[in-house]
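Read the structure below first, then the notes.
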Amino acid sequence: MKHPHSTLPLLLSLLTLPSPSLTYTPLSDFSLQHHLTPSLPTTSSNITTRDPDFDPLIGALLAPILRPRVPGSVGHAAVQSHFVHFAQTELHPAWQIEWHNTTATTPATGARQVPFRNLVLRRDPPGAAAGEVARLTLAAHYDSLLRPEGFVGAVDSAVPCAVLMFVARAVDGVLGRLWGDGGGEGGLEVRKGVQVLLLDGEEAWVEWSERDSLYGSRALAETWEDTRYEAGSSFSTPLEAISLFVLLDLLGAPEPNIPSYFPTTHWAYRKVARIEERMRKLGLLETRPKKPFLTESEKKEGARFFGGYVQDDHVPFMQRGVDILHVIPSPFPPVWHTMDDDGAHLDLPTIRDWARIMTAFVAEWMDLEGYLEEGRGEAEGGDSGRDEL
Ligand SMILES: [Zn+2]
């Protein structure tokens, strides 16, 4: 993404603070304590166990992403395969796996059409018509910079992708329990779904500009604006059906400072901040930062919001009126766009805490309180306990 000195005007600085129209029940302390993974590493042994998901060398989710993945390259294709393999083997078959493909020329590649492929992983309630589902939309980009050559982009944005994979897997089994009986099917009310966007072509190839950046997200926002649901649907397009667009970027370095960028979604920011605060009080997070990751929950309505200065994948969606929660530190981590943005410079406790916080937020958003324990609701069948939240 582009640094805050960009000139994009402040967009959509509406002063109202809308609340979600759908229900939202905070998780109980018990659910936070007993049903959120990853559990804290044990200190009882001298042996350092390597993190099964986020270890930079062997972590099943993260390690395969930690390689150069410039669009059109071998590494890029390998990371795409990793995502699909994950979705096919770790998520319930009810998840739709959908590629959105586009091509574009770049200032670095002349007349050649470079392929960009966004991956959409989506789980809607069973039986719900596509135009009746309000989708919590979690996004991160998976492409990496062309230069410097060999750039890995660990915080930018391999870690955010891995965290979103983790979250999808963590809530998956619980969604099955929530929806197992098909409750609400055929009703007229709007229902909640969730989708993960693994976006391509975020990075500039030569120098950041409106045309040389955001290749994937620009194409996807345009397509979703032009795709029509059946007449009479609650939402007319997939774009309109986005209840909140949560963009994760540059996460994985220690001591992140995440401002609240938009007055329109400060209410959602506060919900995440509240989760972080509660989890810290309950001793459920590993890190001991000087300040919380989300520092601005007390910011007042009239205060300054800096949304619009950081250009990132949310921009094409925001320009079309979508509500954005941008989870990106300010300042950027010192390793940003350098060869030091690699696995060796990551802070594992910080990554795991992001996974915990975001999992709890999605569980709250999807109203999973009461379904977190196995044996509650109808079992979906066929699954092991691996996806227990
Ligand atoms: Zn970048």
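Chain labels run A, B, ... following the order of the structure tokens; each chain numbers its residues from 1, and ligands are numbered from 1 in the order shown.
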For chain A against ligand 1, with a cut-off of 7 Å and counting only C-alpha atoms and all ligand atoms, what is the closest atom pair and its distance in Å to one decimal for every residue that makes the cut, ordered by chain and number, as a Markdown table?
| residue | atom | partner | partner_atom_place_in_ligand_line | distance |
| --- | --- | --- | --- | --- |
| A:Met1 | CA | ligand 1 | 1 (Zn) | 4.9 |
| A:Ser144 | CA | ligand 1 | 1 (Zn) | 7.0 |
| A:Leu145 | CA | ligand 1 | 1 (Zn) | 6.5 |
| A:Asp156 | CA | ligand 1 | 1 (Zn) | 5.2 |
| A:Glu203 | CA | ligand 1 | 1 (Zn) | 5.5 |
| A:His337 | CA | ligand 1 | 1 (Zn) | 6.0 |
Exercise for the section: Going by DSSP on the backbone, which bits of region 27-220 of chain A are helix (DSSP H, G or I)? Write them as an NGL selection string, please. Expected result: :A and (29-34 or 63-65 or 74-90 or 130-132 or 154-179 or 215-220)
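The neighbours of Phe116 (chain A) here are the residues that come within 9 Å of it, using only C-alpha atoms and leaving out any residue fewer than 5 positions away in the same chain; they are Pro71, Gly72, His100, Asn101, Thr102, Thr103, Ala104, Leu199, Asp200, Gly201, Tyr215 and Gly216 of chain A.
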Given the selection you just returned, output its residues as a file containing C-alpha atoms, formatted as a PDB file, in the first residue's frame.
ATOM      1  CA  PRO A  71       1.762 -12.098 -10.285  1.00  0.00           C
ATOM      2  CA  GLY A  72       2.364 -14.552 -13.103  1.00  0.00           C
ATOM      3  CA  HIS A 100     -12.100 -13.886 -10.037  1.00  0.00           C
ATOM      4  CA  ASN A 101      -9.677 -13.492 -12.930  1.00  0.00           C
ATOM      5  CA  THR A 102      -8.556 -10.402 -14.743  1.00  0.00           C
ATOM      6  CA  THR A 103      -5.546  -9.256 -16.735  1.00  0.00           C
ATOM      7  CA  ALA A 104      -3.840  -5.917 -17.109  1.00  0.00           C
ATOM      8  CA  LEU A 199      -6.631 -10.323  -3.307  1.00  0.00           C
ATOM      9  CA  ASP A 200      -4.050 -10.133  -6.051  1.00  0.00           C
ATOM     10  CA  GLY A 201      -2.071  -7.286  -7.588  1.00  0.00           C
ATOM     11  CA  TYR A 215      -5.096  -4.412  -9.936  1.00  0.00           C
ATOM     12  CA  GLY A 216      -7.098  -7.161  -8.292  1.00  0.00           C
TER      13      GLY A 216
END
Practice task
Please provide the set of residues having any atom within 9 Å of region 241-247 of chain A, restricted to only C-alpha atoms, with same-chain residues fewer than 5 positions apart removed, written as a count of residues only.
Solution key: 32
Exercise for the section: Could you jot down the CA of Asp51 (chain A) to CA of Pro331 (chain A) separation for me, Å, one decimal place? Expected result: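 Calculated distance between CA of Asp51 (chain A) and CA of Pro331 (chain A) is 27.5 Å.
Taking only C-alpha atoms into account, Ala87 (chain A) lies nearest to A:Leu198 out of the set A:Tyr24, A:Met366, A:Leu198, A:Trp336.
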Practice task
Run DSSP on the backbone of this structure and report the residues of region 14-221 of chain A it assigns to strand (DSSP E or B), as a PyMOL selection string.
Solution key: chain A and resi 96-104+114-123+133-141+191-199
Let's have the selection written as a CSV table (one decimal), in the first residue's frame, with N, CA and C atoms.
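Resulting contents of out-v3.csv:
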chain,number,residue,atom,x,y,z
A,96,GLN,N,-17.9,-21.9,-0.8
A,96,GLN,CA,-17.7,-21.7,-2.2
A,96,GLN,C,-16.3,-21.2,-2.4
A,97,ILE,N,-15.6,-21.9,-3.4
A,97,ILE,CA,-14.3,-21.4,-3.7
A,97,ILE,C,-14.3,-20.9,-5.1
A,98,GLU,N,-14.1,-19.6,-5.3
A,98,GLU,CA,-14.4,-18.9,-6.5
A,98,GLU,C,-13.2,-18.0,-6.9
A,99,TRP,N,-12.7,-18.2,-8.1
A,99,TRP,CA,-11.7,-17.4,-8.6
A,99,TRP,C,-12.3,-16.2,-9.4
A,100,HIS,N,-11.7,-15.0,-9.2
A,100,HIS,CA,-12.1,-13.9,-10.0
A,100,HIS,C,-10.8,-13.5,-10.8
A,101,ASN,N,-10.9,-13.7,-12.1
A,101,ASN,CA,-9.7,-13.5,-12.9
A,101,ASN,C,-9.8,-12.2,-13.7
A,102,THR,N,-8.6,-11.6,-13.9
A,102,THR,CA,-8.6,-10.4,-14.7
A,102,THR,C,-7.1,-10.3,-15.3
A,103,THR,N,-6.9,-9.5,-16.3
A,103,THR,CA,-5.5,-9.3,-16.7
A,103,THR,C,-5.4,-7.8,-16.9
A,104,ALA,N,-4.1,-7.3,-16.9
A,104,ALA,CA,-3.8,-5.9,-17.1
A,104,ALA,C,-2.4,-5.8,-17.5
A,114,VAL,N,-0.7,-9.2,-17.8
A,114,VAL,CA,-0.3,-10.0,-16.6
A,114,VAL,C,-1.6,-10.5,-16.0
A,115,PRO,N,-1.6,-11.8,-15.6
A,115,PRO,CA,-2.9,-12.3,-15.0
A,115,PRO,C,-2.9,-12.0,-13.5
A,116,PHE,N,-4.1,-11.5,-13.1
A,116,PHE,CA,-4.4,-11.3,-11.7
A,116,PHE,C,-5.6,-12.1,-11.3
A,117,ARG,N,-5.4,-12.8,-10.1
A,117,ARG,CA,-6.5,-13.7,-9.7
A,117,ARG,C,-6.8,-13.5,-8.3
A,118,ASN,N,-8.0,-13.0,-8.0
A,118,ASN,CA,-8.5,-12.9,-6.6
A,118,ASN,C,-9.2,-14.2,-6.3
A,119,LEU,N,-9.0,-14.7,-5.1
A,119,LEU,CA,-9.7,-15.9,-4.6
A,119,LEU,C,-10.7,-15.5,-3.6
A,120,VAL,N,-12.0,-15.9,-3.8
A,120,VAL,CA,-13.1,-15.6,-2.9
A,120,VAL,C,-13.5,-16.9,-2.2
A,121,LEU,N,-13.4,-17.0,-0.9
A,121,LEU,CA,-13.9,-18.1,-0.1
A,121,LEU,C,-15.1,-17.7,0.6
A,122,ARG,N,-16.3,-18.3,0.4
A,122,ARG,CA,-17.5,-17.7,0.9
A,122,ARG,C,-18.4,-18.8,1.5
A,123,ARG,N,-18.9,-18.5,2.7
A,123,ARG,CA,-19.9,-19.4,3.3
A,123,ARG,C,-21.1,-18.7,3.6
A,133,VAL,N,-28.1,-12.4,1.7
A,133,VAL,CA,-27.0,-12.6,2.7
A,133,VAL,C,-26.1,-11.4,2.8
A,134,ALA,N,-26.0,-10.9,4.0
A,134,ALA,CA,-25.1,-9.8,4.3
A,134,ALA,C,-23.8,-10.4,4.7
A,135,ARG,N,-22.7,-10.1,4.0
A,135,ARG,CA,-21.5,-10.9,4.2
A,135,ARG,C,-20.4,-10.0,4.9
A,136,LEU,N,-20.0,-10.5,6.1
A,136,LEU,CA,-18.8,-10.0,6.7
A,136,LEU,C,-17.7,-10.4,5.7
A,137,THR,N,-16.9,-9.4,5.3
A,137,THR,CA,-15.9,-9.6,4.2
A,137,THR,C,-14.5,-9.3,4.8
A,138,LEU,N,-13.7,-10.4,4.8
A,138,LEU,CA,-12.3,-10.2,5.4
A,138,LEU,C,-11.3,-10.3,4.3
A,139,ALA,N,-10.5,-9.3,4.2
A,139,ALA,CA,-9.6,-9.3,3.0
A,139,ALA,C,-8.1,-9.0,3.4
A,140,ALA,N,-7.3,-9.6,2.5
A,140,ALA,CA,-5.8,-9.3,2.6
A,140,ALA,C,-5.3,-9.6,1.2
A,141,HIS,N,-4.1,-9.0,0.8
A,141,HIS,CA,-3.6,-9.3,-0.5
A,141,HIS,C,-2.4,-10.3,-0.4
A,191,ARG,N,-29.8,-12.6,6.2
A,191,ARG,CA,-29.0,-13.5,7.1
A,191,ARG,C,-27.6,-13.1,6.9
A,192,LYS,N,-26.7,-13.6,7.9
A,192,LYS,CA,-25.3,-13.3,7.8
A,192,LYS,C,-24.5,-14.4,7.2
A,193,GLY,N,-23.6,-14.0,6.3
A,193,GLY,CA,-22.6,-14.9,5.8
A,193,GLY,C,-21.2,-14.3,6.0
A,194,VAL,N,-20.2,-15.1,5.6
A,194,VAL,CA,-18.9,-14.6,5.8
A,194,VAL,C,-18.1,-15.0,4.5
A,195,GLN,N,-17.2,-14.1,4.1
A,195,GLN,CA,-16.3,-14.4,3.0
A,195,GLN,C,-14.9,-13.8,3.2
A,196,VAL,N,-14.0,-14.6,2.7
A,196,VAL,CA,-12.5,-14.2,2.8
A,196,VAL,C,-12.1,-13.9,1.4
A,197,LEU,N,-11.5,-12.7,1.2
A,197,LEU,CA,-11.0,-12.3,-0.1
A,197,LEU,C,-9.4,-12.3,0.0
A,198,LEU,N,-8.8,-13.2,-0.8
A,198,LEU,CA,-7.4,-13.2,-1.0
A,198,LEU,C,-7.1,-12.5,-2.3
A,199,LEU,N,-6.7,-11.2,-2.1
A,199,LEU,CA,-6.6,-10.3,-3.3
A,199,LEU,C,-5.3,-10.3,-4.0
Exercise for the section: Find the residues around region 338-352 of chain A up to 6 Å (only C-alpha atoms counted), leave out those fewer than 3 positions away in its own chain, and share them as a PyMOL selection string. Expected result: chain A and resi 56+151-154+252-254+286-287+335+355
Problem - Atomic separation - CA of Leu285 (chain A) relative to CA of Leu368 (chain A), Å - result: 20.6 Å
